[in-house]
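Just run_21.txt here, compact mmCIF, C-alpha atoms and all ligand atoms:
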# COMPACT_ATOMS: atom_id res chain seq x y z
CA MET H 1 160.45 82.90 126.60
CA THR H 2 158.00 84.82 124.43
CA VAL H 3 158.29 88.52 125.19
CA ILE H 4 156.13 90.03 122.45
CA GLU H 5 152.98 88.22 121.44
CA ALA H 6 150.42 89.58 118.98
CA ARG H 7 147.43 87.74 117.57
CA GLY H 8 145.25 89.12 114.80
CA LEU H 9 146.39 92.63 115.66
CA ARG H 10 144.44 95.20 113.69
CA LYS H 11 144.24 98.97 113.67
CA VAL H 12 141.70 100.86 111.65
CA PHE H 13 141.90 104.66 111.61
CA ARG H 14 138.79 106.72 111.00
CA ILE H 15 139.70 109.61 108.77
CA ALA H 16 137.55 112.70 108.24
CA ASN H 17 136.52 113.42 104.63
CA LYS H 18 136.75 117.17 105.03
CA PRO H 19 136.08 119.16 101.84
CA PRO H 20 138.60 121.95 101.25
CA GLY H 21 138.11 125.57 102.32
CA PHE H 22 136.05 127.32 104.97
CA GLY H 23 132.74 126.19 103.43
CA GLY H 24 133.99 122.62 103.50
CA SER H 25 134.88 122.92 107.19
CA VAL H 26 131.39 124.23 107.98
CA ARG H 27 129.74 121.46 105.95
CA HIS H 28 131.90 118.92 107.77
CA LEU H 29 130.78 120.36 111.11
CA ILE H 30 127.12 119.98 110.16
CA ARG H 31 127.38 116.64 108.46
CA PRO H 32 130.69 114.93 109.15
CA ARG H 33 131.76 112.16 106.82
CA TYR H 34 134.51 109.66 107.41
CA HIS H 35 136.28 106.80 105.73
CA GLU H 36 138.29 104.02 107.30
CA HIS H 37 141.87 103.11 106.69
CA THR H 38 143.33 99.82 107.89
CA ALA H 39 146.93 100.51 108.89
CA VAL H 40 147.57 97.14 110.57
CA ASP H 41 145.60 94.26 109.17
CA GLY H 42 145.74 91.15 111.32
CA ILE H 43 149.31 90.77 112.46
CA ASP H 44 150.52 87.65 114.30
CA LEU H 45 153.92 87.99 115.87
CA ASP H 46 155.93 86.11 118.48
CA ILE H 47 159.25 87.53 119.55
CA GLN H 48 161.46 85.70 122.05
CA ALA H 49 163.67 87.23 124.75
CA GLY H 50 167.01 88.32 123.32
CA GLU H 51 165.86 88.30 119.70
CA ALA H 52 166.84 91.20 117.47
CA VAL H 53 164.08 91.63 114.93
CA ALA H 54 164.11 94.01 112.00
CA TYR H 55 160.59 95.21 111.26
CA VAL H 56 160.75 96.68 107.80
CA GLY H 57 158.52 97.68 104.93
CA PRO H 58 157.92 100.47 102.45
CA ASN H 59 156.57 103.88 103.54
CA GLY H 60 153.07 103.59 104.95
CA ALA H 61 153.33 99.82 105.42
CA GLY H 62 152.17 99.98 109.03
CA LYS H 63 155.46 99.71 110.92
CA SER H 64 155.03 102.71 113.22
CA THR H 65 151.40 101.81 113.86
CA THR H 66 152.47 98.30 114.93
CA VAL H 67 155.10 99.73 117.28
CA LYS H 68 152.53 102.17 118.69
CA LEU H 69 150.23 99.21 119.37
CA LEU H 70 153.05 97.22 121.00
CA THR H 71 154.04 100.14 123.19
CA GLY H 72 150.45 100.91 124.21
CA ILE H 73 150.41 104.42 122.71
CA ILE H 74 147.31 103.42 120.75
CA GLN H 75 144.64 100.75 121.23
CA PRO H 76 144.03 98.00 118.71
CA THR H 77 140.72 97.90 116.86
CA ALA H 78 140.86 94.12 117.15
CA GLY H 79 143.23 91.37 118.21
CA GLN H 80 145.38 90.74 121.24
CA VAL H 81 148.79 91.95 122.25
CA ARG H 82 151.00 91.15 125.23
CA VAL H 83 154.46 92.46 125.97
CA CYS H 84 156.30 90.88 128.92
CA GLY H 85 152.92 89.46 129.95
CA LEU H 86 151.20 92.87 130.04
CA VAL H 87 148.58 94.33 127.76
CA PRO H 88 150.40 97.53 126.77
CA HIS H 89 147.45 99.92 126.32
CA VAL H 90 145.85 98.69 129.58
CA ASP H 91 148.94 98.38 131.82
CA ARG H 92 150.61 101.48 130.43
CA ARG H 93 152.57 102.45 133.52
CA ALA H 94 153.95 98.97 134.27
CA ASN H 95 154.66 98.48 130.60
CA ALA H 96 156.67 101.71 130.46
CA HIS H 97 159.15 100.27 132.96
CA ASN H 98 159.74 97.23 130.75
CA ILE H 99 160.26 99.02 127.48
CA GLY H 100 162.47 101.66 125.88
CA VAL H 101 161.28 103.47 122.77
CA LEU H 102 163.11 105.66 120.33
CA PHE H 103 160.54 106.87 117.91
CA GLY H 104 161.45 108.64 114.69
CA GLN H 105 162.78 112.09 115.17
CA ARG H 106 160.95 112.61 118.48
CA SER H 107 163.34 113.18 121.33
CA GLN H 108 162.97 112.03 124.92
CA LEU H 109 165.17 114.89 126.06
CA TRP H 110 163.93 118.15 127.51
CA TRP H 111 164.81 120.66 124.84
CA ASP H 112 166.04 123.46 127.12
CA LEU H 113 167.87 121.31 129.64
CA PRO H 114 171.41 119.98 129.56
CA VAL H 115 171.45 116.25 128.72
CA ARG H 116 172.63 115.47 132.25
CA ASP H 117 169.48 117.05 133.73
CA SER H 118 167.19 115.21 131.32
CA LEU H 119 168.81 111.93 132.29
CA GLY H 120 168.42 112.92 135.96
CA LEU H 121 164.70 113.52 135.43
CA LEU H 122 164.33 110.15 133.72
CA ARG H 123 166.21 108.55 136.64
CA ASP H 124 163.55 110.00 138.99
CA LEU H 125 160.71 109.02 136.66
CA TYR H 126 161.87 105.42 136.49
CA ARG H 127 162.91 105.47 140.17
CA ILE H 128 166.40 104.25 139.39
CA PRO H 129 168.60 104.16 142.51
CA GLN H 130 171.50 106.64 142.24
CA ARG H 131 174.17 103.91 142.26
CA ARG H 132 172.48 101.97 139.50
CA PHE H 133 172.01 105.19 137.54
CA GLU H 134 175.72 105.97 137.76
CA ALA H 135 176.70 102.41 136.88
CA ARG H 136 174.41 102.53 133.84
CA LEU H 137 175.86 105.85 132.68
CA ALA H 138 179.35 104.37 133.04
CA GLU H 139 178.26 101.44 130.83
CA LEU H 140 176.72 103.69 128.20
CA GLU H 141 179.53 106.27 128.22
CA PRO H 142 182.16 104.43 126.12
CA VAL H 143 179.66 103.45 123.41
CA LEU H 144 177.71 106.64 123.15
CA GLY H 145 180.50 109.09 124.04
CA LEU H 146 178.26 110.71 126.62
CA ALA H 147 180.84 112.68 128.60
CA ASP H 148 180.99 115.49 126.03
CA LEU H 149 177.22 115.60 125.67
CA LEU H 150 176.12 115.67 129.31
CA PRO H 151 176.63 119.42 129.89
CA VAL H 152 175.10 120.46 126.54
CA VAL H 153 171.55 121.79 126.25
CA ALA H 154 169.55 119.35 124.05
CA ARG H 155 168.54 121.92 121.46
CA LYS H 156 172.22 122.68 120.78
CA LEU H 157 173.10 119.08 119.93
CA SER H 158 173.74 118.04 116.35
CA LEU H 159 171.52 115.28 114.93
CA GLY H 160 174.12 112.60 115.61
CA GLN H 161 174.83 113.89 119.13
CA ARG H 162 171.13 114.01 119.90
CA MET H 163 170.71 110.44 118.69
CA ARG H 164 173.47 109.33 121.08
CA ALA H 165 171.91 111.20 123.99
CA ASP H 166 168.47 109.84 123.08
CA LEU H 167 169.79 106.29 123.01
CA ALA H 168 171.16 106.83 126.52
CA ALA H 169 167.73 108.10 127.63
CA VAL H 170 165.98 105.08 126.11
CA LEU H 171 168.36 102.55 127.63
CA LEU H 172 168.85 104.23 131.02
CA HIS H 173 166.39 102.05 132.95
CA SER H 174 167.75 98.84 131.34
CA PRO H 175 164.45 97.94 129.63
CA GLN H 176 163.75 94.32 128.69
CA VAL H 177 162.31 95.33 125.32
CA VAL H 178 163.67 98.11 123.15
CA TYR H 179 161.93 99.54 120.09
CA LEU H 180 164.20 101.67 117.95
CA ASP H 181 163.26 103.58 114.84
CA GLU H 182 166.25 104.43 112.61
CA PRO H 183 168.74 104.30 115.52
CA THR H 184 171.84 105.11 113.48
CA ILE H 185 170.47 107.97 111.40
CA GLY H 186 172.79 110.97 111.50
CA LEU H 187 175.66 109.08 113.14
CA ASP H 188 179.16 109.13 111.68
CA ILE H 189 180.78 105.83 110.72
CA THR H 190 182.58 105.34 114.03
CA ALA H 191 179.54 106.16 116.15
CA ARG H 192 177.36 103.97 113.91
CA ASP H 193 179.67 100.97 114.37
CA ALA H 194 179.79 101.55 118.11
CA VAL H 195 176.00 101.73 118.38
CA ARG H 196 175.49 98.62 116.24
CA GLY H 197 178.04 96.73 118.34
CA PHE H 198 176.34 97.92 121.49
CA LEU H 199 172.90 96.83 120.26
CA ARG H 200 174.28 93.37 119.48
CA GLU H 201 175.74 93.23 122.97
CA LEU H 202 172.38 94.23 124.46
CA THR H 203 170.61 91.32 122.78
CA ARG H 204 173.37 88.91 123.83
CA ASN H 205 172.54 89.92 127.39
CA GLY H 206 168.86 89.07 126.87
CA THR H 207 167.35 92.41 125.82
CA THR H 208 164.76 92.03 123.08
CA LEU H 209 165.17 94.43 120.22
CA MET H 210 162.75 95.51 117.54
CA LEU H 211 164.28 97.73 114.92
CA THR H 212 162.29 99.65 112.35
CA THR H 213 164.72 101.02 109.85
CA HIS H 214 165.27 101.71 106.19
CA ASP H 215 169.02 101.24 106.77
CA LEU H 216 169.62 97.67 105.71
CA ALA H 217 173.18 97.68 107.04
CA ASP H 218 171.69 98.11 110.52
CA ILE H 219 169.65 95.00 109.87
CA GLU H 220 172.56 92.92 108.61
CA GLU H 221 174.78 93.89 111.48
CA VAL H 222 172.33 93.84 114.35
CA CYS H 223 169.37 91.60 113.59
CA ASP H 224 168.97 87.87 113.26
CA ARG H 225 165.39 87.93 112.03
CA ILE H 226 163.58 90.06 109.51
CA VAL H 227 159.83 90.68 109.41
CA ILE H 228 158.62 92.47 106.30
CA VAL H 229 155.26 94.24 106.33
CA ASP H 230 153.31 95.70 103.46
CA GLY H 231 149.76 97.01 103.42
CA GLY H 232 149.49 96.31 107.16
CA ARG H 233 150.22 92.60 106.75
CA ILE H 234 153.31 90.51 107.33
CA ILE H 235 154.51 89.33 103.94
CA HIS H 236 157.65 87.67 105.19
CA ASP H 237 159.05 86.52 108.51
CA ASN H 238 162.23 84.53 108.73
CA SER H 239 165.81 84.49 109.95
CA LEU H 240 168.28 86.53 107.98
CA THR H 241 170.28 83.42 107.14
CA ALA H 242 167.18 81.57 105.92
CA ILE H 243 166.05 84.45 103.74
CA LYS H 244 169.48 84.59 102.11
CA ASN H 245 169.63 80.83 101.66
CA GLU H 246 166.22 80.76 100.10
CA LEU H 247 166.11 83.89 98.03
CA ALA H 248 169.73 84.59 97.29
CA ARG H 249 171.45 81.38 96.38
CA ASP H 250 173.55 82.84 93.57
CA ARG H 251 177.09 84.00 94.13
CA THR H 252 179.33 85.56 91.50
CA MET H 253 183.06 84.93 91.65
CA HIS H 254 185.23 87.46 89.84
CA LEU H 255 188.70 86.20 88.97
CA LEU H 256 191.76 87.89 87.48
CA LEU H 257 193.93 85.54 85.42
CA ALA H 258 197.70 85.73 84.78
CA THR H 259 197.26 84.73 81.12
CA ASP H 260 194.68 85.36 78.41
CA CYS H 261 191.85 82.87 78.39
CA PRO H 262 189.38 84.10 75.74
CA ASP H 263 187.31 80.92 75.39
CA LEU H 264 186.98 79.96 78.99
CA ASP H 265 183.60 78.32 79.57
CA MET H 266 182.83 76.71 82.87
CA SER H 267 179.51 75.15 81.90
CA ALA H 268 181.14 71.79 80.98
CA ALA H 269 183.20 71.49 84.17
CA LEU H 270 180.52 73.01 86.38
CA PRO H 271 177.11 72.40 84.79
CA GLY H 272 174.51 74.99 85.68
CA THR H 273 177.01 77.83 86.13
CA TRP H 274 177.21 80.87 83.91
CA SER H 275 180.53 82.45 82.99
CA ASP H 276 181.62 85.60 81.24
CA VAL H 277 185.08 86.55 80.00
CA GLY H 278 185.95 90.27 79.87
CA GLU H 279 187.28 92.01 76.78
CA ASP H 280 190.83 91.85 78.12
CA HIS H 281 190.43 88.03 78.27
CA ARG H 282 191.83 88.04 81.78
CA ARG H 283 188.82 88.95 83.84
CA VAL H 284 186.36 86.13 84.33
CA SER H 285 183.09 86.11 86.22
CA VAL H 286 181.39 82.86 87.20
CA ARG H 287 177.91 82.83 88.66
CA PHE H 288 177.03 79.71 90.64
CA ASP H 289 174.44 78.37 93.04
CA ARG H 290 176.13 78.12 96.41
CA PHE H 291 174.22 74.95 97.22
CA ASP H 292 175.54 73.28 94.04
CA TYR H 293 179.16 74.40 94.21
CA SER H 294 181.57 75.86 96.74
CA ALA H 295 183.84 78.80 95.96
CA GLY H 296 186.72 76.26 96.08
CA ASP H 297 185.05 74.18 93.30
CA VAL H 298 184.90 77.25 91.05
CA LEU H 299 188.42 78.37 91.88
CA SER H 300 189.96 74.99 91.14
CA ALA H 301 187.94 74.56 87.93
CA VAL H 302 189.19 77.91 86.60
CA GLY H 303 192.69 77.15 87.96
CA ARG H 304 192.88 74.15 85.63
CA HIS H 305 192.88 76.58 82.67
CA ALA H 306 194.96 79.51 83.98
CA THR H 307 196.78 80.86 86.99
CA VAL H 308 194.44 82.95 89.11
CA THR H 309 196.08 86.09 90.52
CA ASP H 310 193.13 87.72 92.26
CA VAL H 311 189.63 86.74 93.29
CA HIS H 312 186.59 88.21 94.99
CA ILE H 313 183.01 87.07 95.48
CA ASP H 314 179.87 89.18 95.24
CA GLU H 315 177.46 88.16 97.98
CA PRO H 316 173.82 89.07 97.39
CA SER H 317 172.93 91.92 99.68
CA ILE H 318 169.90 91.96 101.90
CA GLU H 319 169.08 95.21 100.11
CA ASP H 320 168.53 93.34 96.82
CA ILE H 321 166.34 90.76 98.49
CA VAL H 322 164.21 93.31 100.32
CA ARG H 323 163.87 95.41 97.16
CA ARG H 324 162.55 92.37 95.28
CA LEU H 325 160.13 91.55 98.08
CA TYR H 326 158.84 95.13 98.16
CA ALA H 327 158.46 95.11 94.40
CA GLY H 328 156.26 92.02 94.70
CA GLU H 329 158.64 89.85 92.67
CA MET H 330 158.32 87.33 95.47
CA THR H 331 155.32 86.69 97.60
CA SER H 332 154.82 85.04 100.95
CA GLY H 333 153.87 81.88 99.06
CA GLN H 334 157.39 81.65 97.72
CA VAL H 335 159.10 82.20 101.01
CA ALA H 336 159.00 80.27 104.22
CA SER H 337 157.46 81.75 107.31
CA ALA H 338 159.16 81.60 110.69
CA SER H 339 155.90 80.75 112.39
N1 LIG H 401 146.77 108.65 113.18
C1 LIG H 401 146.51 108.24 111.96
N2 LIG H 401 145.33 108.57 111.36
C2 LIG H 401 145.05 108.14 110.12
N3 LIG H 401 145.87 107.39 109.37
C3 LIG H 401 147.06 107.03 109.90
C4 LIG H 401 147.44 107.45 111.22
N4 LIG H 401 148.68 106.96 111.47
C5 LIG H 401 149.05 106.26 110.38
N5 LIG H 401 148.08 106.32 109.44
C6 LIG H 401 148.12 105.69 108.11
O1 LIG H 401 148.35 104.29 108.30
C7 LIG H 401 149.26 103.79 107.33
C8 LIG H 401 150.45 103.18 108.02
O2 LIG H 401 151.19 104.24 108.62
P1 LIG H 401 152.53 103.97 109.45
O3 LIG H 401 152.96 105.28 110.02
O4 LIG H 401 152.30 102.85 110.40
O5 LIG H 401 153.51 103.50 108.30
P2 LIG H 401 155.09 103.20 108.35
O6 LIG H 401 155.28 101.82 107.80
O7 LIG H 401 155.64 103.46 109.70
O8 LIG H 401 155.64 104.24 107.29
P3 LIG H 401 157.03 105.10 107.20
O9 LIG H 401 158.11 104.16 106.75
O10 LIG H 401 156.71 106.10 106.15
O11 LIG H 401 157.28 105.70 108.56
C9 LIG H 401 149.60 104.97 106.42
O12 LIG H 401 148.77 104.90 105.28
C10 LIG H 401 149.28 106.19 107.26
O13 LIG H 401 148.88 107.26 106.46

Take the structure in the file and give it back as structure tokens.
Amino acid sequence: MTVIEARGLRKVFRIANKPPGFGGSVRHLIRPRYHEHTAVDGIDLDIQAGEAVAYVGPNGAGKSTTVKLLTGIIQPTAGQVRVCGLVPHVDRRANAHNIGVLFGQRSQLWWDLPVRDSLGLLRDLYRIPQRRFEARLAELEPVLGLADLLPVVARKLSLGQRMRADLAAVLLHSPQVVYLDEPTIGLDITARDAVRGFLRELTRNGTTLMLTTHDLADIEEVCDRIVIVDGGRIIHDNSLTAIKNELARDRTMHLLLATDCPDLDMSAALPGTWSDVGEDHRRVSVRFDRFDYSAGDVLSAVGRHATVTDVHIDEPSIEDIVRRLYAGEMTSGQVASAS
């Protein structure tokens, strides 16, 4: 079932050309001048129920603007958008019940209230029955470690504590679609793992997740699809596995040998591979295309020359791939689209 559907979505901001200083302000009042900036430039997007999609791109790419359009905070200049069958900027109230949003550093919590009271207010706002509210808090408690946070006034929370409390606020009404911006920022390693595990669990249970983040580990551990935007356009849209298969076929196996092997060259046994022997003649690296050879092929080929005592494989990271896409080393023509 398609939960998020956007066609030709476009947002153009009108920006005032205000000259500097008081004189400039007066001149602008008399004769205002503007220029236009296209933040989102014709985006087509279909996201299915239960999908976890990473929506990433360099600063200013148009990520937040897209999320604002999908949540109905702003209206599109052109194009159509539907979320759970509703037009977000038209059916704002109904849409709010279907979605949870954690946006940048903006908190949902009332600054001067204990977290418990903020959650109570949100319970009333979303009209959550008391029993369901308590059951939901009990579900969220072990992941987000809420018990310690509930009595604390929001402004006294550390960044990581506030993030946990905010996540509880976003997820309290069990929304069908959740938009999260940098959801693990400020969390320690344990809390980060717990949140990532929890987000995976959410999508397994059918919640649709759209993650805008610069933390690529979040993407690898939570998302199954990655949409990359740049200049307001989608430059890549595919599953994480497909992007790796297509753009990161090389693996490098590093082997430690029991005996010196200064002249080891794998190119005869495994044509198309590249190998390098370290100065100590015992450390060998073999780079291979994973669709041409398996790790076992490489291991046994090296094993015919020397006893291997240790081995590890460098997998290409999603970080490398995304960096190359941002840098324009690859274009959408070189990569398959999910649509
Ligand atoms: N309200 C606005 N008025 C004018 N221009 C805007 C407005 N909001 C965003 N922009 C511009 O639109 C472009 C896209 O901004 P957006 O915030 O969507 O980027 P982003 O991908 O979320 O970036 P970041 O990773 O830095 O948060 C930027 O050039 C930004 O300056």

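Remark: for H:Asp265, the closest of the candidate residues H:Met253, H:Val81, H:Val26, H:Val302 is H:Val302 (distances computed over all atoms listed in the file).
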
Checklist entry - Of the residues H:Asn238, H:Thr259, H:Gln130, H:Asn59, which is the one nearest to H:His214, using only C-alpha atoms? => result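 Going through H:Asn238, H:Thr259, H:Gln130, H:Asn59 one by one, the smallest distance to H:His214 is for H:Asn59.
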
Checklist entry - What lies within 9 Å of stretch 139-156 of chain H using all atoms listed in the file, ignoring chain neighbours under 6 positions off, as a PyMOL selection string? => result chain H and resi 109-119+162+164-165+167-168+171-172+191+194-195+197-198

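Interatomic distance, atom CA of H:Ile4 to atom CA of H:Val56: 16.7 Å.
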
Next on the checklist: Can you pull out every residue with an atom within 10 Å of ligand LIG 401 (chain H)? Use all atoms listed in the file and format it as JSON, numbers by chain.
Outcome noted: {"H": [11, 12, 13, 14, 15, 16, 35, 36, 37, 38, 39, 40, 55, 56, 57, 58, 59, 60, 61, 62, 63, 64, 65, 66, 67, 68, 69, 74, 103, 104, 181, 182, 212, 213, 214, 229, 230, 231, 232]}

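Proximity ranking of H:Ala295, H:Ala49, H:Val311, H:Leu257 relative to H:Val277 places H:Leu257 first, based on all atoms listed in the file.
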
Next on the checklist: I need the residue nearest H:Glu5 from this list: H:Leu122, H:Ile30, H:Ala52, H:Val83. Use all atoms listed in the file for the distance.
Outcome noted: H:Val83

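Of the listed residues H:Asp276, H:Asp188, H:Asp310, H:Asp166, the one whose atoms come nearest to H:Val101 is H:Asp166, with distances taken using only C-alpha atoms.
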
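Distances here use all atoms listed in the file; by that measure, the residue among H:Ile128, H:Leu264, H:Leu270, H:Val298 closest to H:Val284 is H:Leu264.
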
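Around H:Gly278, within 12 Å and counting all atoms listed in the file, the residues found are H:His254, H:Leu255, H:Leu256, H:Leu257, H:Asp260, H:Cys261, H:Pro262, H:Asp263, H:Leu264, H:Ser275, H:Asp276, H:Asp280, H:His281, H:Arg282, H:Arg283, H:Val284, H:Ser285, H:Val286, once anything fewer than 2 positions away on its own chain is removed.
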
Checklist entry - Near H:Met210, within 6 Å and counting only C-alpha atoms, which residues show up once chain neighbours fewer than 4 positions away are dropped, as a PyMOL selection string? => result chain H and resi 52-54+179

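Separating atom CA of H:Asp193 from atom CA of H:Ser174 is a distance of 20.8 Å.
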
Next on the checklist: Quick one: residues within 9 Å of H:Leu45, all atoms listed in the file, excluding same-chain residues fewer than 3 positions away - as JSON, numbers by chain?
Outcome noted: {"H": [4, 5, 6, 7, 8, 9, 234, 339]}

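Going from atom CA of H:Ile73 over to atom CA of H:Ser239, you cover 28.2 Å.
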
Checklist entry - Excluding same-chain residues fewer than 5 positions from H:Glu51, what lies within 12 Å of it counting all atoms listed in the file, as a count of residues only? => result 28

Please return the centre and edge lengths, in Å to one decimal, of a box with edges along x, y and z that contains all listed atoms of stretch 233-238 of chain H, widened by 6 Å on every side, as JSON.
{"center_x": 156.2, "center_y": 88.6, "center_z": 106.3, "size_x": 24.0, "size_y": 20.1, "size_z": 16.8}

Checklist entry - So which residues fall inside 6 Å of (142.2, 94.2, 110.3) if we count only C-alpha atoms? Mind giving them as a ChimeraX atom specification? => result /H:10,41-42
